[in-house]
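Trainee: This is coords.txt, which holds compact mmCIF, C-alpha atoms and all ligand atoms:
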```txt
# COMPACT_ATOMS: atom_id res chain seq x y z
CA MET X 721 -1.00 33.60 -30.97
CA HIS X 722 0.75 36.11 -33.24
CA LEU X 723 4.18 37.26 -32.22
CA PRO X 724 5.36 40.81 -32.82
CA PRO X 725 7.42 41.12 -36.04
CA ASP X 726 10.87 40.95 -34.47
CA ALA X 727 10.05 37.91 -32.34
CA SER X 728 11.09 35.16 -34.69
CA ALA X 729 14.54 36.70 -35.15
CA ASN X 730 14.88 36.60 -31.39
CA ARG X 731 13.83 33.04 -30.73
CA VAL X 732 16.69 30.60 -31.33
CA PRO X 733 19.44 32.87 -32.65
CA LEU X 734 22.26 31.95 -30.31
CA LEU X 735 21.63 28.25 -30.74
CA ALA X 736 21.80 28.67 -34.49
CA MET X 737 25.22 30.33 -34.28
CA PHE X 738 26.68 27.96 -31.73
CA PRO X 739 29.18 25.27 -32.77
CA LYS X 740 27.55 21.86 -33.20
CA LEU X 741 27.38 19.50 -30.26
CA VAL X 742 28.57 16.02 -31.14
CA LEU X 743 26.66 12.81 -30.42
CA SER X 744 28.74 10.07 -28.83
CA ALA X 745 28.36 6.81 -26.94
CA ARG X 746 28.85 8.61 -23.59
CA ASN X 747 25.39 10.12 -23.90
CA ARG X 748 22.58 7.69 -24.64
CA LYS X 749 19.72 7.89 -27.10
CA SER X 750 16.14 7.43 -26.00
CA PRO X 751 14.16 4.55 -27.55
CA PHE X 752 12.14 7.28 -29.31
CA PHE X 753 15.22 9.00 -30.79
CA ASP X 754 14.70 7.59 -34.30
CA GLY X 755 11.02 8.52 -34.15
CA ALA X 756 11.93 12.07 -33.16
CA VAL X 757 14.47 12.32 -35.99
CA GLU X 758 11.86 10.96 -38.42
CA ALA X 759 9.44 13.66 -37.16
CA GLY X 760 11.99 16.39 -37.92
CA MET X 761 13.79 17.09 -34.64
CA THR X 762 16.03 20.15 -35.14
CA HIS X 763 17.31 20.90 -31.61
CA ALA X 764 18.18 18.72 -28.66
CA THR X 765 19.64 19.15 -25.22
CA VAL X 766 21.43 16.77 -22.86
CA TYR X 767 19.54 15.60 -19.76
CA ASN X 768 20.41 12.67 -17.51
CA HIS X 769 23.29 11.87 -19.90
CA MET X 770 20.84 11.41 -22.79
CA TYR X 771 19.65 13.50 -25.72
CA MET X 772 16.27 15.14 -25.34
CA PRO X 773 14.57 16.79 -28.32
CA VAL X 774 13.66 20.41 -27.58
CA SER X 775 12.39 21.59 -30.96
CA TYR X 776 11.23 20.53 -34.38
CA GLY X 777 12.03 23.89 -35.95
CA ASP X 778 8.76 25.77 -35.42
CA PRO X 779 8.47 26.91 -31.77
CA GLU X 780 5.27 28.86 -32.40
CA ALA X 781 3.47 25.84 -33.90
CA GLU X 782 4.76 23.61 -31.10
CA TYR X 783 3.40 26.02 -28.47
CA LYS X 784 0.05 26.34 -30.25
CA ARG X 785 -0.33 22.56 -30.51
CA LEU X 786 0.24 22.19 -26.78
CA ILE X 787 -2.22 24.96 -25.84
CA GLU X 788 -4.96 24.19 -28.37
CA GLY X 789 -4.43 20.64 -29.63
CA VAL X 790 -2.17 17.73 -28.82
CA ALA X 791 1.56 17.10 -28.97
CA MET X 792 3.77 14.04 -28.43
CA TRP X 793 7.07 14.37 -26.60
CA ASP X 794 10.09 12.10 -26.33
CA VAL X 795 10.81 12.38 -22.61
CA GLY X 796 12.76 9.14 -22.36
CA VAL X 797 15.39 11.17 -20.48
CA GLU X 798 13.11 11.05 -17.45
CA ARG X 799 14.88 7.95 -16.18
CA GLN X 800 13.37 5.72 -13.55
CA VAL X 801 15.15 4.83 -10.33
CA GLU X 802 13.54 1.56 -9.32
CA LEU X 803 13.27 0.57 -5.66
CA ALA X 804 12.38 -3.14 -5.44
CA GLY X 805 12.02 -5.19 -2.28
CA PRO X 806 10.29 -5.32 1.11
CA ASP X 807 11.71 -1.91 2.12
CA ALA X 808 10.89 -0.07 -1.15
CA MET X 809 8.34 2.28 0.46
CA ALA X 810 10.46 2.75 3.59
CA LEU X 811 13.43 3.79 1.44
CA ALA X 812 11.23 6.13 -0.62
CA ALA X 813 9.91 7.69 2.59
CA TYR X 814 13.48 8.19 3.83
CA LEU X 815 14.52 9.82 0.54
CA THR X 816 11.71 12.38 0.34
CA PRO X 817 10.38 14.91 2.86
CA ARG X 818 6.89 14.39 1.42
CA ASP X 819 4.45 12.28 3.43
CA LEU X 820 3.85 9.07 1.46
CA SER X 821 1.82 7.30 4.15
CA LYS X 822 -1.46 7.71 2.20
CA CYS X 823 0.01 6.89 -1.22
CA LYS X 824 -1.81 3.91 -2.74
CA ALA X 825 -0.59 1.37 -5.30
CA GLY X 826 -1.42 2.88 -8.69
CA GLN X 827 -0.88 6.43 -7.45
CA GLY X 828 1.83 8.90 -8.36
CA LYS X 829 3.10 11.72 -6.16
CA TYR X 830 5.31 14.69 -6.90
CA ALA X 831 8.08 13.98 -4.35
CA PRO X 832 11.09 16.33 -4.10
CA LEU X 833 14.33 14.75 -2.86
CA CYS X 834 16.64 16.74 -0.59
CA GLY X 835 20.24 16.34 0.54
CA PHE X 836 21.45 16.50 4.14
CA GLU X 837 21.76 20.27 3.98
CA GLY X 838 18.08 20.54 3.00
CA GLN X 839 18.98 21.47 -0.56
CA ILE X 840 16.86 20.14 -3.46
CA LEU X 841 18.64 17.35 -5.34
CA ASN X 842 15.82 16.40 -7.68
CA ASP X 843 12.03 16.60 -7.98
CA PRO X 844 10.79 13.26 -9.30
CA VAL X 845 7.31 11.96 -9.79
CA LEU X 846 7.08 8.88 -7.58
CA LEU X 847 5.03 5.94 -8.89
CA LYS X 848 4.00 3.32 -6.35
CA LEU X 849 3.48 0.17 -8.45
CA SER X 850 3.06 -2.00 -5.34
CA GLU X 851 4.17 -2.12 -1.71
CA GLU X 852 7.46 -3.59 -2.93
CA LEU X 853 8.01 -1.71 -6.19
CA VAL X 854 8.49 2.04 -6.57
CA TRP X 855 9.79 4.16 -9.45
CA LEU X 856 11.23 7.61 -9.01
CA SER X 857 10.79 9.32 -12.39
CA ILE X 858 13.66 11.74 -12.08
CA ALA X 859 14.60 15.16 -13.38
CA ASP X 860 18.18 15.97 -14.40
CA SER X 861 20.59 14.69 -11.71
CA ASP X 862 22.17 11.34 -10.79
CA MET X 863 19.70 9.96 -8.25
CA LEU X 864 20.53 6.32 -9.03
CA TYR X 865 23.89 6.56 -7.23
CA TRP X 866 22.33 8.59 -4.41
CA ALA X 867 19.53 6.08 -3.79
CA GLN X 868 21.94 3.13 -4.00
CA ALA X 869 24.27 4.73 -1.47
CA ILE X 870 21.48 5.59 0.97
CA ALA X 871 19.89 2.12 0.65
CA ASN X 872 23.18 0.37 1.35
CA MET X 873 24.42 2.58 4.16
CA LYS X 874 21.09 2.48 5.99
CA GLY X 875 20.64 -1.27 5.41
CA PHE X 876 17.29 -1.10 3.59
CA ASP X 877 16.20 -4.47 2.17
CA CYS X 878 15.72 -3.10 -1.32
CA ARG X 879 17.45 -3.32 -4.71
CA VAL X 880 18.00 0.02 -6.46
CA SER X 881 18.44 -0.08 -10.23
CA GLU X 882 17.57 1.60 -13.51
CA PRO X 883 14.90 -0.43 -15.32
CA ASP X 884 14.29 -0.43 -19.09
CA VAL X 885 11.53 2.19 -18.85
CA SER X 886 11.16 5.36 -20.96
CA PRO X 887 8.28 7.83 -20.85
CA LEU X 888 6.59 9.32 -23.88
CA ALA X 889 4.27 12.24 -23.09
CA VAL X 890 1.04 13.12 -24.93
CA GLN X 891 0.03 16.61 -23.81
CA GLY X 892 -2.63 19.18 -24.66
CA PRO X 893 -6.43 19.50 -24.42
CA LEU X 894 -6.98 16.84 -27.12
CA ALA X 895 -4.56 14.32 -25.55
CA VAL X 896 -7.49 12.57 -23.85
CA GLU X 897 -9.11 11.89 -27.25
CA VAL X 898 -5.97 10.33 -28.70
CA ILE X 899 -5.35 8.18 -25.62
CA ALA X 900 -9.02 7.11 -25.44
CA ARG X 901 -8.91 6.07 -29.10
CA LEU X 902 -5.92 3.84 -28.37
CA PHE X 903 -6.83 2.43 -24.96
CA GLY X 904 -10.59 2.89 -24.51
CA ASP X 905 -12.83 5.22 -22.55
CA TRP X 906 -11.57 4.08 -19.15
CA VAL X 907 -8.63 6.48 -19.56
CA ARG X 908 -11.04 9.42 -19.18
CA ASP X 909 -11.65 8.38 -15.56
CA LEU X 910 -7.99 8.03 -14.63
CA LYS X 911 -7.32 10.59 -11.88
CA TYR X 912 -4.52 13.14 -12.10
CA PHE X 913 -1.18 11.49 -11.24
CA TRP X 914 -2.68 7.96 -11.10
CA PHE X 915 -1.60 5.22 -13.47
CA GLN X 916 -2.43 1.78 -14.80
CA GLU X 917 -0.24 -1.05 -16.09
CA THR X 918 -1.43 -1.91 -19.60
CA GLU X 919 -0.26 -2.68 -23.14
CA LEU X 920 -0.71 -1.59 -26.72
CA ASP X 921 -0.32 -4.20 -29.47
CA GLY X 922 1.62 -6.25 -26.94
CA ILE X 923 3.94 -3.36 -26.04
CA PRO X 924 4.17 -3.32 -22.23
CA LEU X 925 3.34 0.08 -20.75
CA VAL X 926 2.38 2.03 -17.69
CA LEU X 927 -0.18 4.68 -18.63
CA ALA X 928 -0.28 7.68 -16.29
CA ARG X 929 -2.34 10.86 -16.23
CA SER X 930 0.51 13.30 -15.78
CA GLY X 931 3.07 15.36 -17.63
CA TRP X 932 5.13 18.50 -17.39
CA SER X 933 2.49 20.92 -18.63
CA LYS X 934 -0.75 22.34 -17.29
CA GLN X 935 -2.62 21.55 -20.52
CA GLY X 936 -3.63 18.04 -19.42
CA GLY X 937 -2.41 14.77 -20.81
CA TYR X 938 -0.86 11.39 -20.28
CA GLU X 939 2.51 9.73 -20.08
CA LEU X 940 3.19 6.29 -21.52
CA TYR X 941 6.04 4.58 -19.72
CA LEU X 942 7.44 2.18 -22.32
CA ARG X 943 8.73 -1.00 -20.63
CA ASP X 944 10.60 -2.45 -23.61
CA GLY X 945 13.17 -0.09 -25.14
CA SER X 946 13.35 -2.16 -28.35
CA ARG X 947 9.80 -1.07 -29.24
CA GLY X 948 10.17 2.72 -29.05
CA LEU X 949 9.82 3.50 -32.74
CA GLU X 950 6.78 1.21 -32.98
CA LEU X 951 5.08 3.02 -30.07
CA TRP X 952 6.02 6.46 -31.45
CA ARG X 953 4.41 5.63 -34.80
CA LEU X 954 1.26 4.16 -33.19
CA ILE X 955 0.70 7.41 -31.28
CA ALA X 956 1.39 9.56 -34.35
CA GLU X 957 -1.09 7.48 -36.37
CA ALA X 958 -3.85 7.52 -33.72
CA GLY X 959 -3.42 11.25 -33.25
CA ARG X 960 -3.52 12.20 -36.91
CA ASP X 961 -7.26 13.05 -36.91
CA TYR X 962 -6.62 15.36 -33.93
CA GLY X 963 -3.70 17.13 -35.57
CA ILE X 964 -1.07 15.61 -33.29
CA GLY X 965 2.48 16.74 -33.94
CA PRO X 966 5.86 16.44 -32.30
CA GLY X 967 6.81 18.70 -29.44
CA ALA X 968 8.94 18.80 -26.33
CA PRO X 969 8.71 20.00 -22.76
CA ASN X 970 7.77 23.56 -23.59
CA ALA X 971 9.91 26.33 -22.11
CA VAL X 972 7.22 28.98 -22.61
CA GLU X 973 4.19 27.09 -21.28
CA ARG X 974 6.06 25.75 -18.27
CA ILE X 975 7.17 29.25 -17.24
CA GLU X 976 3.60 30.54 -17.69
CA SER X 977 2.39 27.62 -15.53
CA GLY X 978 5.20 27.95 -12.96
CA LEU X 979 6.36 24.32 -13.28
CA LEU X 980 9.77 23.90 -11.70
CA SER X 981 12.84 22.93 -13.72
CA ILE X 982 15.56 21.74 -11.34
CA GLY X 983 18.99 23.06 -12.25
CA ALA X 984 17.52 25.86 -14.37
CA ASP X 985 15.33 27.55 -11.73
CA THR X 986 17.44 26.36 -8.81
CA ASP X 987 21.10 26.29 -7.91
CA ARG X 988 23.09 23.86 -5.77
CA ASP X 989 21.81 25.20 -2.47
CA SER X 990 18.21 26.00 -3.35
CA ASP X 991 15.77 24.61 -0.82
CA PRO X 992 12.14 23.56 -1.28
CA PHE X 993 10.79 26.54 0.68
CA GLU X 994 12.30 29.14 -1.62
CA CYS X 995 10.98 27.19 -4.64
CA ASN X 996 7.41 27.35 -3.30
CA LEU X 997 7.36 23.61 -2.50
CA GLY X 998 7.04 24.12 1.25
CA HIS X 999 3.53 22.58 1.25
CA LEU X 1000 5.09 19.24 0.21
CA ILE X 1001 7.58 19.15 3.10
CA ALA X 1002 6.10 17.17 6.00
CA LEU X 1003 8.39 18.25 8.83
CA ASP X 1004 6.00 17.08 11.52
CA ARG X 1005 6.28 13.49 10.34
CA GLU X 1006 7.54 11.15 13.04
CA GLN X 1007 9.96 9.19 10.81
CA ASP X 1008 13.36 10.55 10.02
CA PHE X 1009 14.26 11.42 6.42
CA VAL X 1010 17.25 12.88 4.62
CA GLY X 1011 17.54 16.60 5.31
CA LYS X 1012 14.97 16.74 8.13
CA GLN X 1013 17.20 18.56 10.66
CA ALA X 1014 18.42 21.05 8.06
CA LEU X 1015 14.89 21.71 6.81
CA LEU X 1016 13.63 22.27 10.37
CA ALA X 1017 16.41 24.83 10.85
CA LYS X 1018 15.58 26.50 7.54
CA ARG X 1019 11.90 26.74 8.45
CA GLU X 1020 12.93 28.36 11.72
CA ALA X 1021 15.31 30.81 10.03
CA GLY X 1022 12.78 31.96 7.42
CA LEU X 1023 13.23 32.64 3.72
CA ARG X 1024 16.36 34.32 2.43
CA ARG X 1025 15.14 34.40 -1.18
CA ARG X 1026 12.17 33.19 -3.20
CA LEU X 1027 11.29 32.02 -6.70
CA VAL X 1028 8.89 34.63 -8.09
CA GLY X 1029 7.54 35.71 -11.45
CA LEU X 1030 8.79 38.76 -13.33
CA THR X 1031 7.03 40.50 -16.21
CA PHE X 1032 8.84 42.94 -18.45
CA GLY X 1033 8.38 44.72 -21.77
CA GLY X 1034 10.67 45.41 -24.69
CA ALA X 1035 11.43 43.15 -27.65
CA PRO X 1036 10.33 39.53 -27.09
CA VAL X 1037 13.12 37.50 -25.53
CA GLY X 1038 13.96 34.13 -27.06
CA GLY X 1039 15.05 32.45 -23.86
CA ASN X 1040 18.23 32.79 -21.85
CA GLU X 1041 21.41 30.71 -22.00
CA HIS X 1042 22.45 31.59 -18.44
CA PRO X 1043 20.81 33.29 -15.48
CA TRP X 1044 20.40 37.06 -15.99
CA PRO X 1045 21.51 39.41 -13.18
CA LEU X 1046 18.83 41.32 -11.26
CA LEU X 1047 19.53 44.70 -9.71
CA ARG X 1048 17.84 47.23 -7.47
CA ASP X 1049 19.46 50.59 -6.82
CA GLY X 1050 22.59 49.22 -8.47
CA GLU X 1051 22.79 46.33 -6.04
CA SER X 1052 22.62 42.64 -7.01
CA ILE X 1053 19.43 41.04 -5.64
CA GLY X 1054 19.28 37.71 -7.49
CA THR X 1055 18.95 36.19 -10.96
CA ALA X 1056 16.29 35.60 -13.58
CA ARG X 1057 16.59 31.85 -14.13
CA ALA X 1058 14.31 31.20 -17.12
CA ALA X 1059 12.84 33.83 -19.43
CA ALA X 1060 10.45 33.70 -22.38
CA TYR X 1061 7.99 35.76 -24.36
CA SER X 1062 4.46 34.67 -23.42
CA PRO X 1063 2.09 34.81 -26.41
CA ARG X 1064 -0.93 34.42 -24.12
CA LEU X 1065 0.08 37.30 -21.85
CA ALA X 1066 1.67 39.33 -24.64
CA THR X 1067 4.66 40.22 -22.47
CA ASN X 1068 8.05 38.84 -21.49
CA ILE X 1069 8.01 36.69 -18.36
CA ALA X 1070 10.66 35.04 -16.19
CA LEU X 1071 11.07 32.83 -13.15
CA ALA X 1072 13.54 34.55 -10.86
CA LEU X 1073 15.31 33.79 -7.58
CA VAL X 1074 15.00 37.09 -5.72
CA ASP X 1075 16.52 37.98 -2.35
CA CYS X 1076 13.99 38.90 0.35
CA PRO X 1077 12.45 41.43 0.81
CA HIS X 1078 12.74 42.41 -2.88
CA ASP X 1079 10.46 39.45 -3.76
CA ALA X 1080 7.28 41.31 -2.75
CA PRO X 1081 4.70 41.46 -5.59
CA GLY X 1082 4.80 44.82 -7.36
CA THR X 1083 8.52 45.42 -6.68
CA HIS X 1084 10.34 47.01 -9.64
CA ILE X 1085 13.54 45.18 -10.51
CA ALA X 1086 16.09 45.81 -13.27
CA VAL X 1087 16.88 42.75 -15.44
CA ASP X 1088 20.19 42.73 -17.27
CA CYS X 1089 19.37 40.78 -20.47
CA LEU X 1090 22.77 40.49 -22.15
CA GLY X 1091 23.71 44.06 -21.28
CA ASN X 1092 20.28 45.36 -22.25
CA ARG X 1093 18.50 46.67 -19.07
CA ARG X 1094 14.74 46.27 -18.73
CA THR X 1095 12.51 47.16 -15.81
CA ALA X 1096 10.55 44.19 -14.54
CA THR X 1097 7.74 43.85 -12.00
CA ALA X 1098 7.66 41.00 -9.48
CA THR X 1099 4.45 38.90 -9.42
CA VAL X 1100 3.15 35.78 -7.71
CA LEU X 1101 3.26 32.43 -9.51
CA PRO X 1102 1.87 30.89 -11.60
CA PHE X 1103 1.44 33.50 -14.33
CA ILE X 1104 -1.45 31.48 -15.77
CA LEU X 1105 -3.49 29.07 -13.65
N1 LIG S 1201 6.92 13.33 -15.82
C1 LIG S 1201 7.65 12.27 -15.44
N2 LIG S 1201 8.82 12.40 -14.87
C2 LIG S 1201 9.33 13.62 -14.66
C3 LIG S 1201 8.61 14.76 -15.02
C4 LIG S 1201 7.37 14.60 -15.62
N3 LIG S 1201 10.53 13.75 -14.08
C5 LIG S 1201 11.21 15.00 -14.05
C6 LIG S 1201 10.32 16.20 -14.00
N4 LIG S 1201 9.13 16.02 -14.82
C7 LIG S 1201 9.91 16.43 -12.59
N5 LIG S 1201 9.38 17.74 -12.34
C8 LIG S 1201 8.03 17.97 -12.17
C9 LIG S 1201 7.66 19.25 -11.80
C10 LIG S 1201 6.32 19.53 -11.59
C11 LIG S 1201 5.37 18.56 -11.78
C12 LIG S 1201 5.76 17.30 -12.19
C13 LIG S 1201 7.11 17.01 -12.37
C14 LIG S 1201 3.93 18.81 -11.56
N6 LIG S 1201 3.57 19.64 -10.57
C15 LIG S 1201 2.19 20.00 -10.32
C16 LIG S 1201 2.15 21.50 -10.03
O1 LIG S 1201 3.19 22.08 -9.75
O2 LIG S 1201 1.07 22.07 -10.14
C17 LIG S 1201 1.56 19.19 -9.19
C18 LIG S 1201 2.41 19.06 -7.97
C19 LIG S 1201 1.68 18.48 -6.75
O3 LIG S 1201 1.35 17.29 -6.67
O4 LIG S 1201 1.47 19.27 -5.81
O5 LIG S 1201 3.09 18.28 -12.23
O6 LIG S 1201 6.66 15.56 -16.00
N7 LIG S 1201 7.17 11.06 -15.68
```
Translate the structure of the given file into structure tokens.
Mentor:
Amino acid sequence: MHLPPDASANRVPLLAMFPKLVLSARNRKSPFFDGAVEAGMTHATVYNHMYMPVSYGDPEAEYKRLIEGVAMWDVGVERQVELAGPDAMALAAYLTPRDLSKCKAGQGKYAPLCGFEGQILNDPVLLKLSEELVWLSIADSDMLYWAQAIANMKGFDCRVSEPDVSPLAVQGPLAVEVIARLFGDWVRDLKYFWFQETELDGIPLVLARSGWSKQGGYELYLRDGSRGLELWRLIAEAGRDYGIGPGAPNAVERIESGLLSIGADTDRDSDPFECNLGHLIALDREQDFVGKQALLAKREAGLRRRLVGLTFGGAPVGGNEHPWPLLRDGESIGTARAAAYSPRLATNIALALVDCPHDAPGTHIAVDCLGNRRTATATVLPFIL
């Protein structure tokens, strides 16, 4: 887990020099905000018009906790778009290209949402609470307005709103121990992406086996925003014997694992095929859904670019503030969207949108990291299974 000597200097330098961002009423705080401040939050970003902690000042310790122990994350920014009414599932099925016909109550599904041009708008986790109640746990874009507009214009009998629900993630190989201590051994049998409505000291929750890492874990969907600090402290207390500490959706681990970050890895006209989500797009479904015609045409036309992995040497990179240009024989062939130094692979890695046919594994590609050229090699994703 040791980084080369110049790594720490490279990790958050630009953020440290940047002018301060100001908090204001236009962006909301999560119910866990005070808990995160109490735990020593040092860096935050804005996501779904809310503040999301991204670091507590020690990125190496935060990574290590996620890979070897257990971490708790304020992911209250993952807002829910609630579909409530007799047509809740019909609306959900019209919003996503994924086939939901076998989705049971109590089950979650990763369900990308596309626009009419077949472009990805968001990639929520869908939770089917009942036949008449669905949550779309969204990534960073305004799907509430989108779902309201579609529901109204198509006449679905369904109310679309944002409920008072905020997820807190507990991630890492020891997450199961912390959650079992709090809720009992039944949580060990909860299947990946399934969930259960429950409570903790009277705090209403949905407990799901999910989360934006490949290290295993749970998400607690808090259903009463006034009790965020109380829940945060209960988790911290129960996790103490397991060395729990604060963390955040981890930029390094998620690149290693190839988990998609909409808006970072994609641009406005990215489609699910180029993002390696083609297996989730059920084009042979009988029902119509938003983007179906465009996606059929895209499938016919074939890929124009693809999200691939890149590995490259040189000094460890501390992340990128904007996409880095990619070149081959002096010609632009795409962008590296998200870059990091991987301690487990002991090399720099990136997720990159690369024009075909330069996406073939083994292709050598020049990456322009802030004017500093490195030679990268294209690889298949994920970097680490
Ligand atoms: N949890 C909750 N809401 C969320 C996220 C989350 N909303 C926004 C964001 N994350 C959505 N993005 C993803 C991206 C990938 C996965 C989950 C959410 C994921 N993918 C698995 C994979 O790629 O291996 C499984 C996908 C599948 O079913 O095929 O887990 O984290 N509440």
Trainee: Separation of atom N7 of ligand LIG 1201 (chain S) and CA of Phe1009 in chain X, in Å?
Mentor: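 For atom N7 of ligand LIG 1201 (chain S) relative to CA of Phe1009 in chain X, the distance reads 23.2 Å.
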Trainee: Which residue is closest to ligand LIG 1201 (chain S)? Choose from X:Tyr941, X:Phe753, X:Tyr814, X:Phe1103 and count all atoms listed in the file.
Mentor: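 Smallest distance to ligand LIG 1201 (chain S) is found for X:Tyr941.
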Trainee: Could you name the residues that touch range 948-964 of chain X at 9 Å or less, counting all atoms listed in the file, but leaving out those on the same chain fewer than 6 positions away, as a list of chain:residue names?
Mentor: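 Residues near the query, excluding close chain neighbours: X:Ser750, X:Pro751, X:Phe752, X:Phe753, X:Asp754, X:Gly755, X:Ala756, X:Arg785, X:Gly789, X:Val790, X:Ala791, X:Met792, X:Asp794, X:Ser886, X:Leu888, X:Val890, X:Leu894, X:Ala895, X:Glu897, X:Val898, X:Ile899, X:Arg901, X:Leu902, X:Leu920, X:Ile923, X:Leu942.
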Trainee: How would you report the residues lying within 10 Å of ligand LIG 1201 (chain S), as an mmCIF file with C-alpha atoms, in the frame of the given file, if you count all atoms listed in the file?
Mentor:
```cif
data_model
loop_
_atom_site.group_PDB
_atom_site.id
_atom_site.type_symbol
_atom_site.label_atom_id
_atom_site.label_comp_id
_atom_site.auth_asym_id
_atom_site.auth_seq_id
_atom_site.Cartn_x
_atom_site.Cartn_y
_atom_site.Cartn_z
ATOM 1 C CA VAL X 795 10.810 12.380 -22.610
ATOM 2 C CA GLY X 796 12.760 9.140 -22.360
ATOM 3 C CA VAL X 797 15.390 11.170 -20.480
ATOM 4 C CA GLU X 798 13.110 11.050 -17.450
ATOM 5 C CA ARG X 799 14.880 7.950 -16.180
ATOM 6 C CA GLN X 800 13.370 5.720 -13.550
ATOM 7 C CA GLY X 828 1.830 8.900 -8.360
ATOM 8 C CA LYS X 829 3.100 11.720 -6.160
ATOM 9 C CA TYR X 830 5.310 14.690 -6.900
ATOM 10 C CA ALA X 831 8.080 13.980 -4.350
ATOM 11 C CA PRO X 832 11.090 16.330 -4.100
ATOM 12 C CA ASN X 842 15.820 16.400 -7.680
ATOM 13 C CA ASP X 843 12.030 16.600 -7.980
ATOM 14 C CA PRO X 844 10.790 13.260 -9.300
ATOM 15 C CA VAL X 845 7.310 11.960 -9.790
ATOM 16 C CA LEU X 846 7.080 8.880 -7.580
ATOM 17 C CA LEU X 847 5.030 5.940 -8.890
ATOM 18 C CA TRP X 855 9.790 4.160 -9.450
ATOM 19 C CA LEU X 856 11.230 7.610 -9.010
ATOM 20 C CA SER X 857 10.790 9.320 -12.390
ATOM 21 C CA ILE X 858 13.660 11.740 -12.080
ATOM 22 C CA ALA X 859 14.600 15.160 -13.380
ATOM 23 C CA ASP X 860 18.180 15.970 -14.400
ATOM 24 C CA SER X 861 20.590 14.690 -11.710
ATOM 25 C CA SER X 886 11.160 5.360 -20.960
ATOM 26 C CA PRO X 887 8.280 7.830 -20.850
ATOM 27 C CA LEU X 888 6.590 9.320 -23.880
ATOM 28 C CA ALA X 889 4.270 12.240 -23.090
ATOM 29 C CA TYR X 912 -4.520 13.140 -12.100
ATOM 30 C CA PHE X 913 -1.180 11.490 -11.240
ATOM 31 C CA ALA X 928 -0.280 7.680 -16.290
ATOM 32 C CA ARG X 929 -2.340 10.860 -16.230
ATOM 33 C CA SER X 930 0.510 13.300 -15.780
ATOM 34 C CA GLY X 931 3.070 15.360 -17.630
ATOM 35 C CA TRP X 932 5.130 18.500 -17.390
ATOM 36 C CA SER X 933 2.490 20.920 -18.630
ATOM 37 C CA LYS X 934 -0.750 22.340 -17.290
ATOM 38 C CA GLY X 936 -3.630 18.040 -19.420
ATOM 39 C CA TYR X 938 -0.860 11.390 -20.280
ATOM 40 C CA GLU X 939 2.510 9.730 -20.080
ATOM 41 C CA LEU X 940 3.190 6.290 -21.520
ATOM 42 C CA TYR X 941 6.040 4.580 -19.720
ATOM 43 C CA PRO X 969 8.710 20.000 -22.760
ATOM 44 C CA ARG X 974 6.060 25.750 -18.270
ATOM 45 C CA SER X 977 2.390 27.620 -15.530
ATOM 46 C CA GLY X 978 5.200 27.950 -12.960
ATOM 47 C CA LEU X 979 6.360 24.320 -13.280
ATOM 48 C CA LEU X 980 9.770 23.900 -11.700
ATOM 49 C CA SER X 981 12.840 22.930 -13.720
ATOM 50 C CA ILE X 982 15.560 21.740 -11.340
ATOM 51 C CA ASN X 996 7.410 27.350 -3.300
ATOM 52 C CA LEU X 997 7.360 23.610 -2.500
ATOM 53 C CA HIS X 999 3.530 22.580 1.250
ATOM 54 C CA LEU X 1000 5.090 19.240 0.210
ATOM 55 C CA PRO X 1102 1.870 30.890 -11.600
ATOM 56 C CA LEU X 1105 -3.490 29.070 -13.650
#
```
Trainee: Which of these residues is nearest to Ala804 in chain X, using all atoms listed in the file: X:Ala871, X:Ala900, X:Cys823, X:Ala968?
Mentor: X:Ala871
